[in-house]
Amino acid sequence: MRRPSPWLVLVVVFLGAYILREPRFQRMEDGFLNWFMEHAEGVLPPAHVTLVEIGREDFQRLTPLDEAKPLPKGQAAHRSLSPLEYALFLQAVMEFEPTVIALEPVVIWRDSDKDQVQVFIDQAMRVPKLLVGIELGGRGQQDLSPDDVPSFPNVTGNRGDLAAFSGIKRQPDDDIRLISTPGFVNLPSGRSDRIRAPLLFEYRGEIVPSLPLQAIMLWLRITPAEVKIELGSRIILPNGWQIPIHRDGTVTINPIAKQSVRRLTLNQLLLAAEEHEKHRPPSLTIDNLKDQIVLLRLAGDPLQPSNLFATAIATIQNNAYVRPAPWAVPWLIIFAAALLSCFLWMISKPNLVLGAIIFVAGYALFTLSLLATDRVWVPVFLPLALVGFLLVTRLVVPGPTQKPAAGEG
């Protein structure tokens, strides 16, 4: 019988440690989390956020017949809204007096629409709490001073992993910015998945909130000075809420939370506003918008993953965070794999393959159960990678050769 190989044990330990530290493997872990969360059973109460999406049909309805042009499939998101179209949205939604209205697309007008800007401004001035998207970037000619953006004075921890910016890439005109609150819509570099949403950025040495976090602050009527931030750990709000954050300022969102976000098309909103104004029986009851955050986005926007910000807001409102298992759990998995490597050649190849299949199926069911009951995420890629490595090693590396017994020719 072959003796346990200390080299194989060391390889397993080093491979496990490398997987834990490598960001590319972390993104694969996020992918597993997204898949498991989408297939986990779970129900959340309705969140206080409504997502209004403008798509192809809405564009065609908003455009006068004499100016309408067919849009190729998938191209609606590349067309910017005019001031009149934004004004129409604000006029409709203000019938229900929501707490916060947030515009996810960066409001930049085409040259041909400049004469309509005052129409939008007249409607925007009626909004008590208007949040507009701004995209951070490198230094430019129209950058904002750190004093002109909301920033957090109570911050502790290492800032080295935060996405840092020195200027503004895209922003609305000053007359719009002065009657609204900025919400930064950048995604951290390398993060385009649907699992993590940005909450914090560094702008010229100051820590500033992203659009979803700023929307929550406006909704709760709190100021940045009332918020305490422990980078890499949590954001503490004055009402006692604690938002767990990663070192890069992102939060792991709960994909189930997107089911708690009410979604409307612009056509539905316009119809509801008309019925509300004329006191007709509503075909769709949305009177509770008064206590909500209403977020406008373009359907199929290539610059933002679908519903990322709305899902992040719903996750925070429902306290539905997916929390990672304690730090010792990954190392227990590595220790178990190293222990298995000591007995690898005592197990026949067919039994090892069968055992690996049973382990993967059982571990998947265990992970789904833990997510549904406790919202705790145990590593998935790590044990699969280690089991796969040991399985390949057993199948590829030749087994020990037995010495002939004494007297045998």
# chains A, B, ... in the order shown; residues from 1 in each chain; ligands from 1
>>> residues_around(residues="Pro150 (chain A)", least_positions_apart="5", cutoff="9 Å", atoms="only C-alpha atoms", output="list in words")
Thr181, Pro182, Ile207, Val208, Pro209, Gln214, Thr223 and Pro224 of chain A
>>> write_last_selection(atoms="N, CA and C atoms", output="mmCIF file, in the first residue's frame")
data_model
loop_
_atom_site.group_PDB
_atom_site.id
_atom_site.type_symbol
_atom_site.label_atom_id
_atom_site.label_comp_id
_atom_site.auth_asym_id
_atom_site.auth_seq_id
_atom_site.Cartn_x
_atom_site.Cartn_y
_atom_site.Cartn_z
ATOM 1 N N THR A 181 -29.410 65.920 -5.941
ATOM 2 C CA THR A 181 -28.319 65.303 -5.184
ATOM 3 C C THR A 181 -27.595 64.335 -6.106
ATOM 4 N N PRO A 182 -26.254 64.373 -6.144
ATOM 5 C CA PRO A 182 -25.544 63.453 -7.039
ATOM 6 C C PRO A 182 -25.504 62.036 -6.470
ATOM 7 N N ILE A 207 -14.377 59.901 0.845
ATOM 8 C CA ILE A 207 -15.209 58.733 0.631
ATOM 9 C C ILE A 207 -16.626 59.205 0.319
ATOM 10 N N VAL A 208 -17.134 58.826 -0.858
ATOM 11 C CA VAL A 208 -18.426 59.316 -1.328
ATOM 12 C C VAL A 208 -19.356 58.130 -1.584
ATOM 13 N N PRO A 209 -20.682 58.361 -1.493
ATOM 14 C CA PRO A 209 -21.640 57.254 -1.671
ATOM 15 C C PRO A 209 -22.015 57.045 -3.130
ATOM 16 N N GLN A 214 -26.802 56.517 -1.556
ATOM 17 C CA GLN A 214 -27.333 57.876 -1.417
ATOM 18 C C GLN A 214 -28.858 57.861 -1.417
ATOM 19 N N THR A 223 -27.929 62.294 7.091
ATOM 20 C CA THR A 223 -26.830 62.995 6.445
ATOM 21 C C THR A 223 -25.564 62.148 6.521
ATOM 22 N N PRO A 224 -24.577 62.415 5.662
ATOM 23 C CA PRO A 224 -23.327 61.660 5.733
ATOM 24 C C PRO A 224 -22.633 61.757 7.090
#
>>> residues_around(residues="region 93-95 of chain A", least_positions_apart="3", cutoff="12 Å", atoms="only C-alpha atoms", output="PDB file with N, CA and C atoms, in the first residue's frame")
ATOM      1  N   THR A  50     -39.474  51.114  -6.195  1.00  0.00           N
ATOM      2  CA  THR A  50     -40.156  50.810  -7.453  1.00  0.00           C
ATOM      3  C   THR A  50     -39.231  51.152  -8.602  1.00  0.00           C
ATOM      4  N   LEU A  51     -39.093  50.226  -9.511  1.00  0.00           N
ATOM      5  CA  LEU A  51     -38.224  50.411 -10.667  1.00  0.00           C
ATOM      6  C   LEU A  51     -39.092  50.681 -11.900  1.00  0.00           C
ATOM      7  N   VAL A  52     -38.882  51.842 -12.504  1.00  0.00           N
ATOM      8  CA  VAL A  52     -39.585  52.192 -13.741  1.00  0.00           C
ATOM      9  C   VAL A  52     -38.578  52.068 -14.876  1.00  0.00           C
ATOM     10  N   TYR A  86     -38.130  63.053 -19.981  1.00  0.00           N
ATOM     11  CA  TYR A  86     -37.861  63.034 -18.536  1.00  0.00           C
ATOM     12  C   TYR A  86     -38.933  63.821 -17.781  1.00  0.00           C
ATOM     13  N   ALA A  87     -39.319  64.983 -18.331  1.00  0.00           N
ATOM     14  CA  ALA A  87     -40.339  65.799 -17.676  1.00  0.00           C
ATOM     15  C   ALA A  87     -41.664  65.059 -17.591  1.00  0.00           C
ATOM     16  N   LEU A  88     -41.997  64.297 -18.631  1.00  0.00           N
ATOM     17  CA  LEU A  88     -43.232  63.520 -18.621  1.00  0.00           C
ATOM     18  C   LEU A  88     -43.204  62.458 -17.526  1.00  0.00           C
ATOM     19  N   PHE A  89     -42.056  61.824 -17.358  1.00  0.00           N
ATOM     20  CA  PHE A  89     -41.911  60.840 -16.282  1.00  0.00           C
ATOM     21  C   PHE A  89     -42.080  61.499 -14.918  1.00  0.00           C
ATOM     22  N   LEU A  90     -41.403  62.642 -14.701  1.00  0.00           N
ATOM     23  CA  LEU A  90     -41.492  63.319 -13.402  1.00  0.00           C
ATOM     24  C   LEU A  90     -42.918  63.778 -13.119  1.00  0.00           C
ATOM     25  N   PRO A  98     -43.679  60.343  -4.268  1.00  0.00           N
ATOM     26  CA  PRO A  98     -42.717  59.422  -3.666  1.00  0.00           C
ATOM     27  C   PRO A  98     -41.690  60.162  -2.819  1.00  0.00           C
ATOM     28  N   THR A  99     -41.047  59.441  -1.899  1.00  0.00           N
ATOM     29  CA  THR A  99     -40.058  60.069  -1.016  1.00  0.00           C
ATOM     30  C   THR A  99     -38.823  60.489  -1.789  1.00  0.00           C
ATOM     31  N   VAL A 100     -38.328  59.614  -2.676  1.00  0.00           N
ATOM     32  CA  VAL A 100     -37.114  59.879  -3.459  1.00  0.00           C
ATOM     33  C   VAL A 100     -37.376  59.472  -4.895  1.00  0.00           C
ATOM     34  N   ILE A 101     -36.936  60.311  -5.831  1.00  0.00           N
ATOM     35  CA  ILE A 101     -36.939  59.954  -7.247  1.00  0.00           C
ATOM     36  C   ILE A 101     -35.486  59.951  -7.716  1.00  0.00           C
ATOM     37  N   ALA A 102     -35.054  58.817  -8.263  1.00  0.00           N
ATOM     38  CA  ALA A 102     -33.660  58.665  -8.689  1.00  0.00           C
ATOM     39  C   ALA A 102     -33.615  58.383 -10.181  1.00  0.00           C
ATOM     40  N   GLN A 123     -40.317  70.779 -13.917  1.00  0.00           N
ATOM     41  CA  GLN A 123     -40.825  69.585 -13.245  1.00  0.00           C
ATOM     42  C   GLN A 123     -39.876  69.124 -12.146  1.00  0.00           C
ATOM     43  N   ALA A 124     -38.562  69.206 -12.392  1.00  0.00           N
ATOM     44  CA  ALA A 124     -37.588  68.739 -11.410  1.00  0.00           C
ATOM     45  C   ALA A 124     -37.631  69.563 -10.133  1.00  0.00           C
ATOM     46  N   MET A 125     -37.956  70.846 -10.248  1.00  0.00           N
ATOM     47  CA  MET A 125     -38.005  71.697  -9.056  1.00  0.00           C
ATOM     48  C   MET A 125     -39.174  71.341  -8.148  1.00  0.00           C
ATOM     49  N   ARG A 126     -40.139  70.565  -8.652  1.00  0.00           N
ATOM     50  CA  ARG A 126     -41.252  70.126  -7.828  1.00  0.00           C
ATOM     51  C   ARG A 126     -40.892  68.898  -6.985  1.00  0.00           C
ATOM     52  N   VAL A 127     -39.763  68.263  -7.308  1.00  0.00           N
ATOM     53  CA  VAL A 127     -39.368  67.022  -6.629  1.00  0.00           C
ATOM     54  C   VAL A 127     -38.594  67.371  -5.360  1.00  0.00           C
ATOM     55  N   PRO A 128     -39.087  66.993  -4.178  1.00  0.00           N
ATOM     56  CA  PRO A 128     -38.368  67.335  -2.938  1.00  0.00           C
ATOM     57  C   PRO A 128     -36.984  66.698  -2.855  1.00  0.00           C
ATOM     58  N   LYS A 129     -36.864  65.441  -3.303  1.00  0.00           N
ATOM     59  CA  LYS A 129     -35.591  64.734  -3.214  1.00  0.00           C
ATOM     60  C   LYS A 129     -35.331  64.047  -4.545  1.00  0.00           C
ATOM     61  N   LEU A 130     -34.574  64.742  -5.389  1.00  0.00           N
ATOM     62  CA  LEU A 130     -34.242  64.242  -6.712  1.00  0.00           C
ATOM     63  C   LEU A 130     -32.784  63.793  -6.721  1.00  0.00           C
ATOM     64  N   LEU A 264     -42.388  48.665 -12.971  1.00  0.00           N
ATOM     65  CA  LEU A 264     -43.406  49.283 -13.810  1.00  0.00           C
ATOM     66  C   LEU A 264     -42.783  49.690 -15.138  1.00  0.00           C
ATOM     67  N   THR A 265     -43.575  49.655 -16.172  1.00  0.00           N
ATOM     68  CA  THR A 265     -43.168  50.297 -17.412  1.00  0.00           C
ATOM     69  C   THR A 265     -43.647  51.745 -17.367  1.00  0.00           C
ATOM     70  N   LEU A 266     -43.097  52.563 -18.203  1.00  0.00           N
ATOM     71  CA  LEU A 266     -43.529  53.962 -18.232  1.00  0.00           C
ATOM     72  C   LEU A 266     -44.988  54.061 -18.666  1.00  0.00           C
ATOM     73  N   ASN A 267     -45.405  53.195 -19.548  1.00  0.00           N
ATOM     74  CA  ASN A 267     -46.803  53.208 -19.978  1.00  0.00           C
ATOM     75  C   ASN A 267     -47.746  52.940 -18.808  1.00  0.00           C
ATOM     76  N   GLN A 268     -47.389  51.987 -17.951  1.00  0.00           N
ATOM     77  CA  GLN A 268     -48.212  51.697 -16.774  1.00  0.00           C
ATOM     78  C   GLN A 268     -48.252  52.891 -15.828  1.00  0.00           C
ATOM     79  N   LEU A 269     -47.100  53.552 -15.645  1.00  0.00           N
ATOM     80  CA  LEU A 269     -47.053  54.710 -14.763  1.00  0.00           C
ATOM     81  C   LEU A 269     -47.902  55.855 -15.310  1.00  0.00           C
ATOM     82  N   LEU A 270     -47.821  56.104 -16.609  1.00  0.00           N
ATOM     83  CA  LEU A 270     -48.599  57.189 -17.211  1.00  0.00           C
ATOM     84  C   LEU A 270     -50.095  56.915 -17.091  1.00  0.00           C
ATOM     85  N   LEU A 271     -50.486  55.654 -17.300  1.00  0.00           N
ATOM     86  CA  LEU A 271     -51.900  55.303 -17.173  1.00  0.00           C
ATOM     87  C   LEU A 271     -52.375  55.475 -15.735  1.00  0.00           C
ATOM     88  N   ALA A 272     -51.567  55.027 -14.763  1.00  0.00           N
ATOM     89  CA  ALA A 272     -51.950  55.165 -13.358  1.00  0.00           C
ATOM     90  C   ALA A 272     -52.052  56.631 -12.961  1.00  0.00           C
ATOM     91  N   ALA A 273     -51.132  57.469 -13.459  1.00  0.00           N
ATOM     92  CA  ALA A 273     -51.182  58.903 -13.138  1.00  0.00           C
ATOM     93  C   ALA A 273     -52.430  59.553 -13.722  1.00  0.00           C
ATOM     94  N   GLU A 274     -52.787  59.176 -14.937  1.00  0.00           N
ATOM     95  CA  GLU A 274     -53.999  59.732 -15.559  1.00  0.00           C
ATOM     96  C   GLU A 274     -55.242  59.328 -14.783  1.00  0.00           C
ATOM     97  N   GLU A 275     -55.328  58.065 -14.359  1.00  0.00           N
ATOM     98  CA  GLU A 275     -56.469  57.598 -13.581  1.00  0.00           C
ATOM     99  C   GLU A 275     -56.523  58.275 -12.221  1.00  0.00           C
ATOM    100  N   HIS A 276     -55.350  58.488 -11.621  1.00  0.00           N
ATOM    101  CA  HIS A 276     -55.303  59.143 -10.311  1.00  0.00           C
ATOM    102  C   HIS A 276     -55.743  60.599 -10.412  1.00  0.00           C
ATOM    103  N   GLU A 277     -55.304  61.275 -11.463  1.00  0.00           N
ATOM    104  CA  GLU A 277     -55.651  62.688 -11.639  1.00  0.00           C
ATOM    105  C   GLU A 277     -57.142  62.873 -11.889  1.00  0.00           C
ATOM    106  N   LYS A 278     -57.744  61.939 -12.619  1.00  0.00           N
ATOM    107  CA  LYS A 278     -59.167  62.040 -12.965  1.00  0.00           C
ATOM    108  C   LYS A 278     -60.068  61.281 -12.003  1.00  0.00           C
ATOM    109  N   HIS A 279     -59.465  60.754 -10.921  1.00  0.00           N
ATOM    110  CA  HIS A 279     -60.207  60.045  -9.869  1.00  0.00           C
ATOM    111  C   HIS A 279     -61.013  58.875 -10.433  1.00  0.00           C
ATOM    112  N   ILE A 286     -50.975  51.849  -7.159  1.00  0.00           N
ATOM    113  CA  ILE A 286     -49.606  52.233  -6.793  1.00  0.00           C
ATOM    114  C   ILE A 286     -49.618  53.459  -5.881  1.00  0.00           C
ATOM    115  N   ASP A 287     -50.691  53.611  -5.114  1.00  0.00           N
ATOM    116  CA  ASP A 287     -50.797  54.780  -4.233  1.00  0.00           C
ATOM    117  C   ASP A 287     -49.716  54.804  -3.156  1.00  0.00           C
ATOM    118  N   ASN A 288     -49.139  53.645  -2.805  1.00  0.00           N
ATOM    119  CA  ASN A 288     -48.131  53.625  -1.749  1.00  0.00           C
ATOM    120  C   ASN A 288     -46.770  54.094  -2.225  1.00  0.00           C
ATOM    121  N   LEU A 289     -46.659  54.654  -3.413  1.00  0.00           N
ATOM    122  CA  LEU A 289     -45.390  55.225  -3.866  1.00  0.00           C
ATOM    123  C   LEU A 289     -44.923  56.368  -2.973  1.00  0.00           C
ATOM    124  N   LYS A 290     -45.832  56.933  -2.200  1.00  0.00           N
ATOM    125  CA  LYS A 290     -45.491  58.078  -1.352  1.00  0.00           C
ATOM    126  C   LYS A 290     -44.387  57.748  -0.363  1.00  0.00           C
ATOM    127  N   GLN A 292     -41.905  55.546  -0.949  1.00  0.00           N
ATOM    128  CA  GLN A 292     -40.946  54.705  -1.653  1.00  0.00           C
ATOM    129  C   GLN A 292     -39.861  55.504  -2.362  1.00  0.00           C
ATOM    130  N   ILE A 293     -38.858  54.750  -2.802  1.00  0.00           N
ATOM    131  CA  ILE A 293     -37.843  55.241  -3.737  1.00  0.00           C
ATOM    132  C   ILE A 293     -38.264  54.789  -5.125  1.00  0.00           C
ATOM    133  N   VAL A 294     -38.362  55.725  -6.038  1.00  0.00           N
ATOM    134  CA  VAL A 294     -38.693  55.395  -7.426  1.00  0.00           C
ATOM    135  C   VAL A 294     -37.432  55.607  -8.252  1.00  0.00           C
ATOM    136  N   LEU A 295     -37.005  54.541  -8.915  1.00  0.00           N
ATOM    137  CA  LEU A 295     -35.760  54.555  -9.687  1.00  0.00           C
ATOM    138  C   LEU A 295     -36.083  54.389 -11.164  1.00  0.00           C
ATOM    139  N   LEU A 296     -35.601  55.322 -11.986  1.00  0.00           N
ATOM    140  CA  LEU A 296     -35.785  55.246 -13.432  1.00  0.00           C
ATOM    141  C   LEU A 296     -34.513  54.714 -14.075  1.00  0.00           C
TER     142      LEU A 296
END
>>> select_by_dssp(residues="region 100-341 of chain A", states="strand (DSSP E or B)", output="PyMOL selection string")
chain A and resi 100-103+130-137+155-156+164-165+167-170+181-184+196-198+200-203+206-210+228-230+234-236+242-244+250-252+262-265+293-298+323-324
>>> residues_around(residues="Gln26 (chain A)", least_positions_apart="3", cutoff="12 Å", atoms="only C-alpha atoms", output="VMD selection string")
chain A and resid 18 to 23 29 to 33 190 to 191 193 195 to 196 379 to 382
>>> residues_around(residues="Lys228 (chain A)", least_positions_apart="2", cutoff="10 Å", atoms="only C-alpha atoms", output="list in words")
Phe152, Pro153, Asn154, Val155, Thr156, Pro224, Ala225, Glu226, Glu230, Leu231, Arg234, Ile235, Ile236, Leu237, Pro238 and Gln242 of chain A
>>> write_last_selection(atoms="C-alpha atoms", output="compact mmCIF listing (two decimals), in the first residue's frame")
# COMPACT_ATOMS: atom_id res chain seq x y z
CA PHE A 152 -18.42 60.77 4.83
CA PRO A 153 -16.33 62.29 7.63
CA ASN A 154 -16.47 59.24 9.94
CA VAL A 155 -14.41 56.64 8.09
CA THR A 156 -11.94 54.10 9.47
CA PRO A 224 -23.33 61.66 5.73
CA ALA A 225 -22.14 63.04 9.08
CA GLU A 226 -24.51 60.62 10.86
CA GLU A 230 -15.62 50.72 8.81
CA LEU A 231 -13.99 49.92 5.48
CA ARG A 234 -19.67 47.53 7.60
CA ILE A 235 -21.58 50.78 7.20
CA ILE A 236 -23.45 51.79 10.36
CA LEU A 237 -26.54 53.96 9.88
CA PRO A 238 -27.98 56.05 12.74
CA GLN A 242 -25.58 47.76 9.51
>>> closest_residue(among="A:Val261, A:Leu395, A:Leu386, A:Leu339", to="His48 (chain A)", atoms="only C-alpha atoms")
A:Val261
>>> select_by_dssp(residues="region 92-305 of chain A", states="alpha helix (DSSP H)", output="PyMOL selection string")
chain A and resi 92-93+117-124+174-177+211-220+266-277
>>> write_last_selection(atoms="N, CA and C atoms", output="mmCIF file, in the first residue's frame")
data_model
loop_
_atom_site.group_PDB
_atom_site.id
_atom_site.type_symbol
_atom_site.label_atom_id
_atom_site.label_comp_id
_atom_site.auth_asym_id
_atom_site.auth_seq_id
_atom_site.Cartn_x
_atom_site.Cartn_y
_atom_site.Cartn_z
ATOM 1 N N ALA A 92 -45.673 62.444 -14.144
ATOM 2 C CA ALA A 92 -46.515 61.286 -13.842
ATOM 3 C C ALA A 92 -46.229 60.755 -12.443
ATOM 4 N N VAL A 93 -44.964 60.612 -12.098
ATOM 5 C CA VAL A 93 -44.632 59.995 -10.813
ATOM 6 C C VAL A 93 -44.929 60.924 -9.650
ATOM 7 N N VAL A 117 -34.928 72.121 -22.176
ATOM 8 C CA VAL A 117 -34.387 71.861 -20.832
ATOM 9 C C VAL A 117 -35.237 72.527 -19.758
ATOM 10 N N GLN A 118 -35.738 73.729 -20.016
ATOM 11 C CA GLN A 118 -36.505 74.445 -19.004
ATOM 12 C C GLN A 118 -37.769 73.684 -18.627
ATOM 13 N N VAL A 119 -38.326 72.922 -19.548
ATOM 14 C CA VAL A 119 -39.514 72.113 -19.247
ATOM 15 C C VAL A 119 -39.166 71.064 -18.195
ATOM 16 N N PHE A 120 -38.019 70.416 -18.371
ATOM 17 C CA PHE A 120 -37.594 69.434 -17.381
ATOM 18 C C PHE A 120 -37.290 70.093 -16.040
ATOM 19 N N ILE A 121 -36.612 71.234 -16.064
ATOM 20 C CA ILE A 121 -36.244 71.904 -14.814
ATOM 21 C C ILE A 121 -37.492 72.311 -14.038
ATOM 22 N N ASP A 122 -38.513 72.770 -14.739
ATOM 23 C CA ASP A 122 -39.754 73.145 -14.059
ATOM 24 C C ASP A 122 -40.362 71.957 -13.321
ATOM 25 N N GLN A 123 -40.317 70.779 -13.917
ATOM 26 C CA GLN A 123 -40.825 69.585 -13.245
ATOM 27 C C GLN A 123 -39.876 69.124 -12.146
ATOM 28 N N ALA A 124 -38.562 69.206 -12.392
ATOM 29 C CA ALA A 124 -37.588 68.739 -11.410
ATOM 30 C C ALA A 124 -37.631 69.563 -10.133
ATOM 31 N N ASP A 174 -25.019 72.224 -14.837
ATOM 32 C CA ASP A 174 -25.038 72.798 -13.494
ATOM 33 C C ASP A 174 -26.442 73.149 -13.028
ATOM 34 N N ASP A 175 -27.299 73.613 -13.935
ATOM 35 C CA ASP A 175 -28.637 74.018 -13.501
ATOM 36 C C ASP A 175 -29.449 72.823 -13.010
ATOM 37 N N ILE A 176 -29.140 71.645 -13.467
ATOM 38 C CA ILE A 176 -29.803 70.435 -12.978
ATOM 39 C C ILE A 176 -29.131 69.936 -11.710
ATOM 40 N N ARG A 177 -27.815 69.965 -11.713
ATOM 41 C CA ARG A 177 -27.074 69.461 -10.552
ATOM 42 C C ARG A 177 -27.366 70.269 -9.292
ATOM 43 N N LEU A 211 -24.970 55.681 -5.960
ATOM 44 C CA LEU A 211 -26.390 56.027 -6.103
ATOM 45 C C LEU A 211 -27.292 55.222 -5.162
ATOM 46 N N PRO A 212 -27.144 53.891 -5.048
ATOM 47 C CA PRO A 212 -28.055 53.171 -4.139
ATOM 48 C C PRO A 212 -27.891 53.569 -2.675
ATOM 49 N N LEU A 213 -26.667 53.802 -2.220
ATOM 50 C CA LEU A 213 -26.480 54.208 -0.830
ATOM 51 C C LEU A 213 -27.017 55.617 -0.602
ATOM 52 N N GLN A 214 -26.802 56.517 -1.556
ATOM 53 C CA GLN A 214 -27.333 57.876 -1.417
ATOM 54 C C GLN A 214 -28.858 57.861 -1.417
ATOM 55 N N ALA A 215 -29.457 56.968 -2.208
ATOM 56 C CA ALA A 215 -30.919 56.852 -2.222
ATOM 57 C C ALA A 215 -31.437 56.400 -0.859
ATOM 58 N N ILE A 216 -30.763 55.452 -0.246
ATOM 59 C CA ILE A 216 -31.155 54.986 1.093
ATOM 60 C C ILE A 216 -31.031 56.114 2.106
ATOM 61 N N MET A 217 -29.971 56.905 2.021
ATOM 62 C CA MET A 217 -29.767 58.003 2.970
ATOM 63 C C MET A 217 -30.863 59.060 2.812
ATOM 64 N N LEU A 218 -31.202 59.392 1.570
ATOM 65 C CA LEU A 218 -32.283 60.361 1.361
ATOM 66 C C LEU A 218 -33.612 59.798 1.849
ATOM 67 N N TRP A 219 -33.843 58.533 1.612
ATOM 68 C CA TRP A 219 -35.096 57.892 2.018
ATOM 69 C C TRP A 219 -35.235 57.875 3.538
ATOM 70 N N LEU A 220 -34.119 57.654 4.240
ATOM 71 C CA LEU A 220 -34.134 57.634 5.708
ATOM 72 C C LEU A 220 -33.955 59.024 6.322
ATOM 73 N N LEU A 266 -43.097 52.563 -18.203
ATOM 74 C CA LEU A 266 -43.529 53.962 -18.232
ATOM 75 C C LEU A 266 -44.988 54.061 -18.666
ATOM 76 N N ASN A 267 -45.405 53.195 -19.548
ATOM 77 C CA ASN A 267 -46.803 53.208 -19.978
ATOM 78 C C ASN A 267 -47.746 52.940 -18.808
ATOM 79 N N GLN A 268 -47.389 51.987 -17.951
ATOM 80 C CA GLN A 268 -48.212 51.697 -16.774
ATOM 81 C C GLN A 268 -48.252 52.891 -15.828
ATOM 82 N N LEU A 269 -47.100 53.552 -15.645
ATOM 83 C CA LEU A 269 -47.053 54.710 -14.763
ATOM 84 C C LEU A 269 -47.902 55.855 -15.310
ATOM 85 N N LEU A 270 -47.821 56.104 -16.609
ATOM 86 C CA LEU A 270 -48.599 57.189 -17.211
ATOM 87 C C LEU A 270 -50.095 56.915 -17.091
ATOM 88 N N LEU A 271 -50.486 55.654 -17.300
ATOM 89 C CA LEU A 271 -51.900 55.303 -17.173
ATOM 90 C C LEU A 271 -52.375 55.475 -15.735
ATOM 91 N N ALA A 272 -51.567 55.027 -14.763
ATOM 92 C CA ALA A 272 -51.950 55.165 -13.358
ATOM 93 C C ALA A 272 -52.052 56.631 -12.961
ATOM 94 N N ALA A 273 -51.132 57.469 -13.459
ATOM 95 C CA ALA A 273 -51.182 58.903 -13.138
ATOM 96 C C ALA A 273 -52.430 59.553 -13.722
ATOM 97 N N GLU A 274 -52.787 59.176 -14.937
ATOM 98 C CA GLU A 274 -53.999 59.732 -15.559
ATOM 99 C C GLU A 274 -55.242 59.328 -14.783
ATOM 100 N N GLU A 275 -55.328 58.065 -14.359
ATOM 101 C CA GLU A 275 -56.469 57.598 -13.581
ATOM 102 C C GLU A 275 -56.523 58.275 -12.221
ATOM 103 N N HIS A 276 -55.350 58.488 -11.621
ATOM 104 C CA HIS A 276 -55.303 59.143 -10.311
ATOM 105 C C HIS A 276 -55.743 60.599 -10.412
ATOM 106 N N GLU A 277 -55.304 61.275 -11.463
ATOM 107 C CA GLU A 277 -55.651 62.688 -11.639
ATOM 108 C C GLU A 277 -57.142 62.873 -11.889
#
>>> closest_residue(among="A:Val387, A:Ala337, A:Ala17, A:Val227", to="Phe359 (chain A)", atoms="only C-alpha atoms")
A:Val387
>>> closest_residue(among="A:Phe184, A:Phe96, A:Trp345, A:Phe25", to="Glu135 (chain A)", atoms="only C-alpha atoms")
A:Phe184
>>> residues_around(residues="region 318-328 of chain A", least_positions_apart="3", cutoff="12 Å", atoms="only C-alpha atoms", output="PyMOL selection string")
chain A and resi 20+29-30+33-34+36-37+42-49+195-196+216+233-234+240-246+251-261+311-315+331-335+367+370-380
>>> decode(residues="region 198-224 of chain A", atoms="C-alpha atoms", output="PDB file, in the first residue's frame")
ATOM      1  CA  PRO A 198     -20.874  49.483  -5.309  1.00  0.00           C
ATOM      2  CA  LEU A 199     -21.698  51.549  -2.229  1.00  0.00           C
ATOM      3  CA  LEU A 200     -18.512  53.581  -1.706  1.00  0.00           C
ATOM      4  CA  PHE A 201     -15.912  55.300  -3.863  1.00  0.00           C
ATOM      5  CA  GLU A 202     -12.899  57.482  -3.168  1.00  0.00           C
ATOM      6  CA  TYR A 203     -13.050  60.874  -4.876  1.00  0.00           C
ATOM      7  CA  ARG A 204     -10.034  63.132  -4.412  1.00  0.00           C
ATOM      8  CA  GLY A 205      -9.297  61.681  -0.996  1.00  0.00           C
ATOM      9  CA  GLU A 206     -12.924  61.740   0.208  1.00  0.00           C
ATOM     10  CA  ILE A 207     -15.209  58.733   0.631  1.00  0.00           C
ATOM     11  CA  VAL A 208     -18.426  59.316  -1.328  1.00  0.00           C
ATOM     12  CA  PRO A 209     -21.640  57.254  -1.671  1.00  0.00           C
ATOM     13  CA  SER A 210     -22.881  55.497  -4.774  1.00  0.00           C
ATOM     14  CA  LEU A 211     -26.390  56.027  -6.103  1.00  0.00           C
ATOM     15  CA  PRO A 212     -28.055  53.171  -4.139  1.00  0.00           C
ATOM     16  CA  LEU A 213     -26.480  54.208  -0.830  1.00  0.00           C
ATOM     17  CA  GLN A 214     -27.333  57.876  -1.417  1.00  0.00           C
ATOM     18  CA  ALA A 215     -30.919  56.852  -2.222  1.00  0.00           C
ATOM     19  CA  ILE A 216     -31.155  54.986   1.093  1.00  0.00           C
ATOM     20  CA  MET A 217     -29.767  58.003   2.970  1.00  0.00           C
ATOM     21  CA  LEU A 218     -32.283  60.361   1.361  1.00  0.00           C
ATOM     22  CA  TRP A 219     -35.096  57.892   2.018  1.00  0.00           C
ATOM     23  CA  LEU A 220     -34.134  57.634   5.708  1.00  0.00           C
ATOM     24  CA  ARG A 221     -33.513  61.402   5.930  1.00  0.00           C
ATOM     25  CA  ILE A 222     -29.977  61.048   7.258  1.00  0.00           C
ATOM     26  CA  THR A 223     -26.830  62.995   6.445  1.00  0.00           C
ATOM     27  CA  PRO A 224     -23.327  61.660   5.733  1.00  0.00           C
TER      28      PRO A 224
END
